[in-house]
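Engineer: Sharing a structure with you now.
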There are 6 protein chains.
Amino acid sequence: MSFASSPDVVTFGEAMLRLTPPGHRRFEQASALELWVAGAELNVAVALARLGRSAAWVSRLPANALGRRVAGHARASGVDTDGVVWCSDGRLGLMFVEVGSAPRPSATLYDRAGSAFADLDPDEFDWGARLAGAGAFHTSGITPALSDACARATTEALAAARAAGCHTSFDLNFRARLSTADDARGLLESLAPTIDTLIASSGEVEAVFGLGGEPGELAAQLRELLGIERVVVSTRLAAGDHAQRRWSASVDGDASHEADSPAFGTVDPLGGGDAFSAGFLSGLLDGGPARGLEVGGAIAALKQSIPGDFAILEREEVEDLLNGADARTRR
Amino acid sequence: MSFASSPDVVTFGEAMLRLTPPGHRRFEQASALELWVAGAELNVAVALARLGRSAAWVSRLPANALGRRVAGHARASGVDTDGVVWCSDGRLGLMFVEVGSAPRPSATLYDRAGSAFADLDPDEFDWGARLAGAGAFHTSGITPALSDACARATTEALAAARAAGCHTSFDLNFRARLSTADDARGLLESLAPTIDTLIASSGEVEAVFGLGGEPGELAAQLRELLGIERVVVSTRLAAGDHAQRRWSASVDGDASHEADSPAFGTVDPLGGGDAFSAGFLSGLLDGGPARGLEVGGAIAALKQSIPGDFAILEREEVEDLLNGADARTRR
Amino acid sequence: MSFASSPDVVTFGEAMLRLTPPGHRRFEQASALELWVAGAELNVAVALARLGRSAAWVSRLPANALGRRVAGHARASGVDTDGVVWCSDGRLGLMFVEVGSAPRPSATLYDRAGSAFADLDPDEFDWGARLAGAGAFHTSGITPALSDACARATTEALAAARAAGCHTSFDLNFRARLSTADDARGLLESLAPTIDTLIASSGEVEAVFGLGGEPGELAAQLRELLGIERVVVSTRLAAGDHAQRRWSASVDGDASHEADSPAFGTVDPLGGGDAFSAGFLSGLLDGGPARGLEVGGAIAALKQSIPGDFAILEREEVEDLLNGADARTRR
Amino acid sequence: MSFASSPDVVTFGEAMLRLTPPGHRRFEQASALELWVAGAELNVAVALARLGRSAAWVSRLPANALGRRVAGHARASGVDTDGVVWCSDGRLGLMFVEVGSAPRPSATLYDRAGSAFADLDPDEFDWGARLAGAGAFHTSGITPALSDACARATTEALAAARAAGCHTSFDLNFRARLSTADDARGLLESLAPTIDTLIASSGEVEAVFGLGGEPGELAAQLRELLGIERVVVSTRLAAGDHAQRRWSASVDGDASHEADSPAFGTVDPLGGGDAFSAGFLSGLLDGGPARGLEVGGAIAALKQSIPGDFAILEREEVEDLLNGADARTRR
Amino acid sequence: MSFASSPDVVTFGEAMLRLTPPGHRRFEQASALELWVAGAELNVAVALARLGRSAAWVSRLPANALGRRVAGHARASGVDTDGVVWCSDGRLGLMFVEVGSAPRPSATLYDRAGSAFADLDPDEFDWGARLAGAGAFHTSGITPALSDACARATTEALAAARAAGCHTSFDLNFRARLSTADDARGLLESLAPTIDTLIASSGEVEAVFGLGGEPGELAAQLRELLGIERVVVSTRLAAGDHAQRRWSASVDGDASHEADSPAFGTVDPLGGGDAFSAGFLSGLLDGGPARGLEVGGAIAALKQSIPGDFAILEREEVEDLLNGADARTRR
Amino acid sequence: MSFASSPDVVTFGEAMLRLTPPGHRRFEQASALELWVAGAELNVAVALARLGRSAAWVSRLPANALGRRVAGHARASGVDTDGVVWCSDGRLGLMFVEVGSAPRPSATLYDRAGSAFADLDPDEFDWGARLAGAGAFHTSGITPALSDACARATTEALAAARAAGCHTSFDLNFRARLSTADDARGLLESLAPTIDTLIASSGEVEAVFGLGGEPGELAAQLRELLGIERVVVSTRLAAGDHAQRRWSASVDGDASHEADSPAFGTVDPLGGGDAFSAGFLSGLLDGGPARGLEVGGAIAALKQSIPGDFAILEREEVEDLLNGADARTRR
């Protein structure tokens with residue numbers, strides 16, 4: 001939990017307040033809202049920190065009580081926030097989330113237009129300083145989709161990360177409410193030369209590239225299409241009445257791997273994909289892509305049992321799950 | 001959401017405060033109780049309003065803070081409360097509900113004797129004015145079971161509705177704590193000539209008429225027995241470990257229809273039958289009884305995922321479910 | 001509580017979700033936020049409805065769960081929302097409020113830029129229809145300060161109200177975060193010919209017009225300056241360690257009146273001025289400006305004891321306070 | 001905390017669930033209600049138990065979850081409930097309470113008509129057994145006002161207590177919603193020969209007997225009027241902006257005493273008078289009426305700082321207050 | 001619910017405050033903790049009281065607000081606490097519990113070292129007086145594992161119970177955080193001559209004795225090994241996606257019995273084994289070991305649906321479950 | 001909010017979980033407890049961070065969920081926790097706090113014996129590394145009172161701080177539950193040669209040294225007695241019914257200063273003295289002791305309005321209060 005000057009991983013993206021009615025209530029029924037902090041790249045940084053990696057998050061926040069709430073929550077969860085740019089008059093992005101229950105889907109309502117992050121100036125970020133000595137850089141497709149300035153900052157950050165010798169990873173994270181599939185594809189193609197590892201879900205691959213198939217097939221096709229060294233694709237499958245499991249594949253230059261996650265229920269529907277990305281990256285560093293798929297699947301399964309977007313758990317818990325520890329009561 | 005002078009549907013019945021310990025607690029463990037508003041016919045009006053029908057609810061409430069709480073909640077949910085008669089000194093009916101978890105059943109404790117509604121004077125209701133221009137009238141077996149005055153008011157309301165050209169529907173809603181099966185049957189027989197559509201669950205049909213069988217068989221038998229033009233019967237079946245589905249049938253003069261609802265879990269055990277009635281009526285108006293069974297099954301399934309007795313949802317959500325939209329997260 | 005087609009009063013303005021940490025917490029300490037509905041002109045409509053006036057509120061809301069939450073809350077509190085224009089893709093304005101405790105002030109953080117209301121099209125409102133038969137129209141300086149379109153809509157609404165024979169009232173409601181003092185003054189001068197009654201606090205009068213003095217002096221000066229028939233000015237004074245009272249004055253063509261309100265504490269700091277406006281208007285209609293100051297002072301004092309922005313009380317409670325009823329426990 | 005077969009004091013009366021919106025909310029604003037247990041004579045028993053007296057409470061409760069909630073809460077607070085008669089089909093009395101804030105009074109709404117207690121059969125209580133070996137018996141004017149059967153039971157209980165050699169005390173507790181002043185007076189006159197100590201507030205004395213004056217004067221007059229050996233009268237006076245103190249007097253055959261309580265604020269408005277009665281009785285037993293007034297004033301002052309109706313405190317805390325311990329933080 | 005001087009059953013052991021984050025939250029996410037009372041032998045006493053047995057609990061608590069909280073909760077739940085020894089300066093044991101959700105296990109963190117109970121003096125307990133007239137005595141392996149003094153007190157209590165003619169039962173309750181398997185085994189062997197019925201789970205039998213097999217086999221082996229008259233062993237098996245059932249066996253001198261419980265989910269993971277012990281003992285008294293297994297299985301299944309460690313239910317609910325009553329809503 | 005390697009200030013001491021019943025409830029009434037983090041020296045670090053100083057906190061925590069909760073809360077509030085030593089098997093100190101209301105005092109119950117901090121090994125702390133480049137070091141009398149090892153560590157830390165050129169400050173913080181007055185005095189005398197600034201309340205000075213008088217007098221006497229360069233003494237005085245103010249004095253080698261704080265109420269009774277210490281130190285660094293007393297008085301006054309022990313506020317809020325900004329609503 002040390003905030004060294006050279007973090008293992010740096011992530012870049014927006015974080016929002018997430019407001020959720022308690023106990024499966026609908027917004028029209030709520031007299032209070034649970035307050036969480038959420039944002040794909042921050043979620044990844046938190047999960048990496050929980051797995052024992054020093055993680056720093058670069059972002060832009062308004063210098064008011066809400067922005068401080070976000071940064072404090074990030075620090076409490078183990079993430080270095082020295083890379084946050086504070087602006088005096090912006091607004092914080094918001095996300096309103098209802099947690100559903102079958103057959104009612106969970107529903108998210110973004111209110112992030114015009115946020116302090118979307119209004120960033122790419123020149124505010126000194127990537128050279130931020131990435132000096134860092135081992136890896138991670139961002140996702142949400143970041144460049146937020147504004148033209150964000151797209152430019154993403155491009156510059158990836159280039160700087162390459163220049164600094166960082167491993168670069170990118171989660172496709174396609175959001176139809178933020179961009180068209182064509183724009184997302186065009187953007188990814190332009191960024192591809194600076195990406196070492198691309199991570200995507202099969203649903204996103206279909207939405208953006210019109211491709212179908214099993215995770216391994218999709219990863220191989222994307223790899224060819226985009227010229228990215230390593231592509232990881234995962235999908236969620238039903239595993240009983242209320243349970244699911246995640247089937248994932250990684251395709252490298254000369255090898256491909258597959259893994260099946262433990263079954264999981266859903267206390268909170270969000271943040272699972274981000275936990276998978278973090279777990280994959282952590283496992284990759286420890287033992288290569290096969291280990292990455294395992295760790296990613298386990299931490300993502302555990303994340304679904306935890307309220308909020310953050311994977312608030314310990315590395316030992318992930319290990320215990322991978323080692324088949326009994327999932328009832330530890331005492 | 002317009003409170004026009006001629007609503008699409010008028011419903012008539014009592015509403016209560018419903019008090020429920022949070023999170024599967026028992027009353028002996030509760031230091032606070034969730035406060036909801038509940039009542040079969042108000043539930044139907046709310047669900048119809050959510051489906052886009054203008055709905056008015058006729059009732060009687062005490063002119064105190066609790067009565068205002070009920071009426072405010074009804075209006076917030078989209079129902080016209082101009083037809084509520086306010087009395088200066090009555091009490092509000094109460095319902096204490098524990099939400100169980102298998103193998104512990106949910107438990108309801110009525111405290112509605114002597115309520116402002118049960119003490120109504122039938123002459124307080126000007127049905128001619130209330131029903132002028134209305135398309136449909138709905139009530140249930142609970143209303144006449146509350147007191148002799150309530151039985152007389154129900155009889156008068158149904159007669160007036162017929163006279164006004166409204167479609168009349170009646171949900172059997174047999175409650176053993178309010179009347180005997182014989183009384184319920186006698187009452188229904190006397191009201192039958194003024195009922196266009198009777199709605200019942202197979203359990204109630206068995207309890208009141210001693211009949212058994214599939215929904216379609218029961219509907220046909222009841223139709224013959226009572227001389228009511230259209231009878232709708234539904235039953236709930238297990239659909240996996242924790243899930244159920246609703247199997248329903250409608251028998252008309254010359255046609256019968258059946259439908260199977262989507263599977264559903266249970267966030268809240270109450271209000272599903274009322275949502276089905278509302279959905280059936282709405283679908284009936286849109287496209288006939290087959291559509292009614294579909295809409296009723298879908299809205300009832302969604303209702304079970306929503307805390308409280310009201311079906312707080314949008315018509316679009318019902319359509320999405322009927323169209324097979326993915327039941328995970330919309331974002 | 002009847003929503004007649006010709007309401008006693010129509011108000012026009014934005015409403016927001018107000019989010020507040022519970023129990024004097026700061027945003028950085030909150031894991032949940034209380035959710036209220038707030039907006040000066042809606043607050044006035046609610047208070048008028050509670051005093052027995054039929055009140056309709058004209059506004060613009062996004063057609064999503066948050067917009068429905070606002071409209072439902074307004075209806076629950078007794079206000080007609082038929083005049084709300086629903087738009088398919090806007091955002092709802094938000095207000096983050098910390099309730100302080102001496103010596104820490106309460107703090108509000110607006111997040112209302114770009115709201116569905118601020119983006120209104122003046123032509124969406126059919127003022128002729130909305131105001132037909134209405135007795136009075138009310139808005140405040142917040143409304144025209146939100147956008148140029150809002151300023152135009154305010155101008156048109158006041159003109160239409162005059163044409164329809166409504167009494168028109170305007171609360172200065174100067175907000176330095178929404179406009180400059182010069183702009184607020186210029187706007188008020190242009191609207192003055194269509195305003196029958198102007199209501200202001202002495203602090204606002206000083207901020208916008210640079211004038212100082214007692215309420216009666218300020219009202220007389222403003223009346224002269226602006227050529228408005230009736231001007232009402234109030235100010236809050238300390239009345240003991242934790243209590244305050246409101247000193248108000250009304251100056252008419254040929255008469256001036258003053259009143260002192262009951263002492264009050266502060267459970268919730270917001271909505272007192274709006275309650276005063278509503279009380280003044282209601283009392284004015286009942287018995288003239290002297291009665292207006294009394295009723296305004298009493299309802300505003302009671303409002304401060306009620307959480308949220310709305311004056312959720314009964315006309316009888318205001319009367320009891322004016323009649324000197326004991327302020328302990330009624331049983 | 002031992003439930004010996006011969007308690008120091010036996011009290012007799014109804015207990016209710018008390019439902020209160022949290023945080024000064026009004027019922028129309030509440031989505032949950034705090035659940036407390038309340039009842040004048042149970043409150044007295046609890047306060048006596050906290051002061052170290054063994055106390056038993058005789059009452060009648062419905063044998064359902066709500067009745068068990070009441071009895072469990074009484075036992076948790078230290079009171080013997082072996083004297084509760086359980087009935088299979090009654091309802092529990094309810095009390096809805098809003099906690100006000102100046103200038104808004106607290107408000108109570110009784111819903112206790114037809115309760116299991118009001119419907120008691122006097123022959124269900126074996127007073128000989130219940131009072132054998134007991135030192136004192138206490139009830140209040142609420143009990144006989146609930147029904148004719150309750151009045152008969154009260155008469156029988158007081159007679160039996162006299163016969164068993166108990167000290168008998170009676171709190172006037174006049175409630176205009178339960179009886180007329182004339183009925184209350186008539187009843188008290190008939191019970192007076194069996195009462196050793198009468199306790200009343202000056203407001204009640206005025207309401208029932210039309211008498212005015214200081215506590216000592218009122219006690220002396222009542223004593224003469226009713227022929228009761230000892231009369232205790234107290235009144236609450238303002239002691240600063242938000243604080244009050246209690247001025248009490250006891251008049252005996254040959255002596256009169258007065259005392260002034262510590263100043264107190266109001267976290268919860270109910271139960272103060274009952275705590276005073278219990279404190280007076282406890283102090284009376286320890287050291288005579290002068291001590292009784294002191295202990296009564298101190299425990300009643302402390303009670304106002306405690307949510308709910310019960311005086312949940314320790315005898316040592318009362319002593320500390322009487323000994324002038326610093327009222328800030330003990331650590 | 002009568003606290004007679006000769007209770008049906010006396011239990012002996014520690015109780016703790018149990019602190020749990022609400023709604024599957026982790027401790028790092030909690031801003032408030034639910035407060036429960038827990039302790040194996042107190043849990044057994046509560047469950048016996050709910051089944052209609054008079055039950056007394058012997059323990060040692062600190063004489064402060066936390067100790068009073070524990071005793072009050074025990075009394076509220078129907079248990080006699082006269083046998084509690086109060087000490088002036090000890091601390092209360094604590095248990096921090098996170099309720100998991102698959103695949104995340106529930107987790108308990110004990111903070112009970114140095115508690116008032118662990119520091120007991122065996123001579124403080126007058127077992128002759130406590131057990132006079134009692135029918136049965138129960139404790140578990142947790143009690144002697146807490147300290148040497150606790151071990152001595154357990155030995156003395158069992159011997160005294162035997163001498164007083166009580167049936168003695170002992171739940172193995174092996175906790176690896178409190179003792180080694182060898183110590184637990186040695187202790188049990190020394191206590192065995194004073195134990196009539198030993199109750200254990202198959203997992204504990206494996207951990208302490210290294211034995212495997214079905215419940216009946218384990219019970220028979222343990223019986224032989226320890227020379228205890230009756231041994232009961234149970235195990236929990238999966239019964240669908242989220243449900244479990246309990247398979248139990250009792251082996252007596254000349255008979256063995258087996259039973260399968262109803263399926264159950266898990267609202268709260270703790271207290272099921274204690275409810276089983278209580279149910280077995282109650283059923284044993286009513287109709288022998290076969291009935292004991294049935295009642296134990298049913299009450300343990302119901303317990304899992306109830307928050308906290310206590311089996312807050314009615315005997316009638318257990319009967320209804322055994323009689324196959326429908327597990328949905330009772331109304 | 002940057003965690004630089006050379007913090008402005010380093011503090012050293014224990015932190016605990018603080019558990020508090022909500023809303024003036026007593027522990028016996030609580031079904032949930034608010035969870036805060038508290039500890040005098042951590043409180044000081046937090047307040048310094050909020051005033052814009054980089055602050056690091058050195059402590060020892062158990063490596064479990066509770067320890068992580070504490071550290072996360074510290075980081076969220078702006079404090080560097082790199083200096084925390086994590087131990088694998090200790091317990092976290094706890095503090096149970098009831099917030100009173102006049103005349104009932106707040107009450108704290110420590111459960112911190114045997115904590116991970118009290119069990120520290122002085123050699124675990126590398127003071128040279130921790131203090132390199134730091135400007136100031138702060139601890140209080142609680143730290144050495146916790147155990148002999150803690151006393152040794154405090155001695156070593158102060159000596160190391162002197163050696164490193166840090167300004168050293170020490171808050172007397174006498175707790176009668178942790179040590180005798182004689183021990184506290186002896187300890188302070190032995191530490192005095194390494195203390196630059198001593199801070200104390202007049203009540204503590206009286207308890208430890210038997211001295212009375214005004215703050216300035218006490219400071220001067222202590223300075224002489226202990227040979228410490230600068231002594232600061234403050235006391236709290238009533239300032240109306242419910243308000244207080246803090247009167248403080250600083251005596252230096254050649255100068256003395258006094259200041260009176262703004263009046264304040266009490267939302268939370270704890271942490272005010274720690275905020276004062278932090279404010280004094282911050283103001284001292286900015287402008288000398290006179291500024292220190294002003295800033296200390298203002299931040300301590302604001303602290304009392306904030307729930308929990310931490311002074312969660314912004315430097316700008318302190319400045320606004322010192323500049324006399326209106327204490328009502330900022331909008």
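Identifiers in the structure tokens: chain A, B, ... in order shown; residue index from 1 per chain; ligand index from 1 in order shown.
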Could you list, as a ChimeraX atom specification, the residues of chain E having an atom within 9 Å of chain D when counting only C-alpha atoms?
Structural biologist: /E:1-3,68-69,71-78,80-82
Engineer: Can you list, as an MDAnalysis selection string, all residues belonging to segment 171-324 of chain C that DSSP tags as strand (DSSP E or B)?
Structural biologist: chainID C and resid 171 197:201 230:238 244:251 256:260 264
Engineer: Would you kindly return, as a ChimeraX atom specification, each protein, DNA or RNA residue with an atom no farther than 12 Å from any atom of Leu61 of chain A, considering only C-alpha atoms and excluding same-chain residues fewer than 6 positions away?
Structural biologist: /A:13-17,67-72,81-93,115-120
Engineer: I'd like the contact shell of Gly216 of chain C - 12 Å cut-off, only C-alpha atoms, skipping same-chain residues fewer than 3 positions apart - returned as a PyMOL selection string.
Structural biologist: chain C and resi 200-202+212-213+219-223+230-235+247-252+255-259
Engineer: Those same residues, written as a PDB file, in the first residue's frame with C-alpha atoms?
Structural biologist:
```
ATOM      1  CA  ALA C 200     -37.588  40.141  -1.904  1.00  0.00           C
ATOM      2  CA  SER C 201     -35.285  39.671   1.042  1.00  0.00           C
ATOM      3  CA  SER C 202     -33.330  42.626   2.331  1.00  0.00           C
ATOM      4  CA  GLY C 212     -29.909  49.281   2.831  1.00  0.00           C
ATOM      5  CA  GLY C 213     -32.460  49.789   5.587  1.00  0.00           C
ATOM      6  CA  ALA C 219     -40.051  48.089   0.038  1.00  0.00           C
ATOM      7  CA  ALA C 220     -40.964  51.742  -0.418  1.00  0.00           C
ATOM      8  CA  GLN C 221     -37.745  52.508  -2.288  1.00  0.00           C
ATOM      9  CA  LEU C 222     -38.064  49.497  -4.576  1.00  0.00           C
ATOM     10  CA  ARG C 223     -41.669  50.363  -5.292  1.00  0.00           C
ATOM     11  CA  ARG C 230     -46.902  46.178  -4.251  1.00  0.00           C
ATOM     12  CA  VAL C 231     -43.472  45.338  -2.861  1.00  0.00           C
ATOM     13  CA  VAL C 232     -42.863  42.968   0.047  1.00  0.00           C
ATOM     14  CA  VAL C 233     -39.477  42.786   1.772  1.00  0.00           C
ATOM     15  CA  SER C 234     -38.474  40.544   4.641  1.00  0.00           C
ATOM     16  CA  THR C 235     -35.350  39.908   6.660  1.00  0.00           C
ATOM     17  CA  TRP C 247     -39.431  40.787  10.013  1.00  0.00           C
ATOM     18  CA  SER C 248     -41.445  41.649   6.941  1.00  0.00           C
ATOM     19  CA  ALA C 249     -43.125  44.675   5.394  1.00  0.00           C
ATOM     20  CA  SER C 250     -45.505  45.223   2.509  1.00  0.00           C
ATOM     21  CA  VAL C 251     -45.906  48.571   0.792  1.00  0.00           C
ATOM     22  CA  ASP C 252     -48.919  49.166  -1.439  1.00  0.00           C
ATOM     23  CA  ALA C 255     -50.746  51.539   2.725  1.00  0.00           C
ATOM     24  CA  SER C 256     -47.845  49.855   4.379  1.00  0.00           C
ATOM     25  CA  HIS C 257     -47.836  46.970   6.851  1.00  0.00           C
ATOM     26  CA  GLU C 258     -45.271  45.245   9.015  1.00  0.00           C
ATOM     27  CA  ALA C 259     -45.194  41.956  10.880  1.00  0.00           C
TER      28      ALA C 259
END
```
Engineer: I need the residues in segment 95-300 of chain F that are helix (DSSP H, G or I) according to DSSP; give them as a ChimeraX atom specification.
Structural biologist: /F:122-124,127-131,142-145,148-163,181-194,202-209,215-226,272-287,289-300
Engineer: Would you mind reading off the distance between atom CA of Ala56 of chain D and atom CA of Val9 of chain D, one decimal, in Å?
Structural biologist: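 We find that atom CA of Ala56 of chain D and atom CA of Val9 of chain D lie 6.3 Å from each other.
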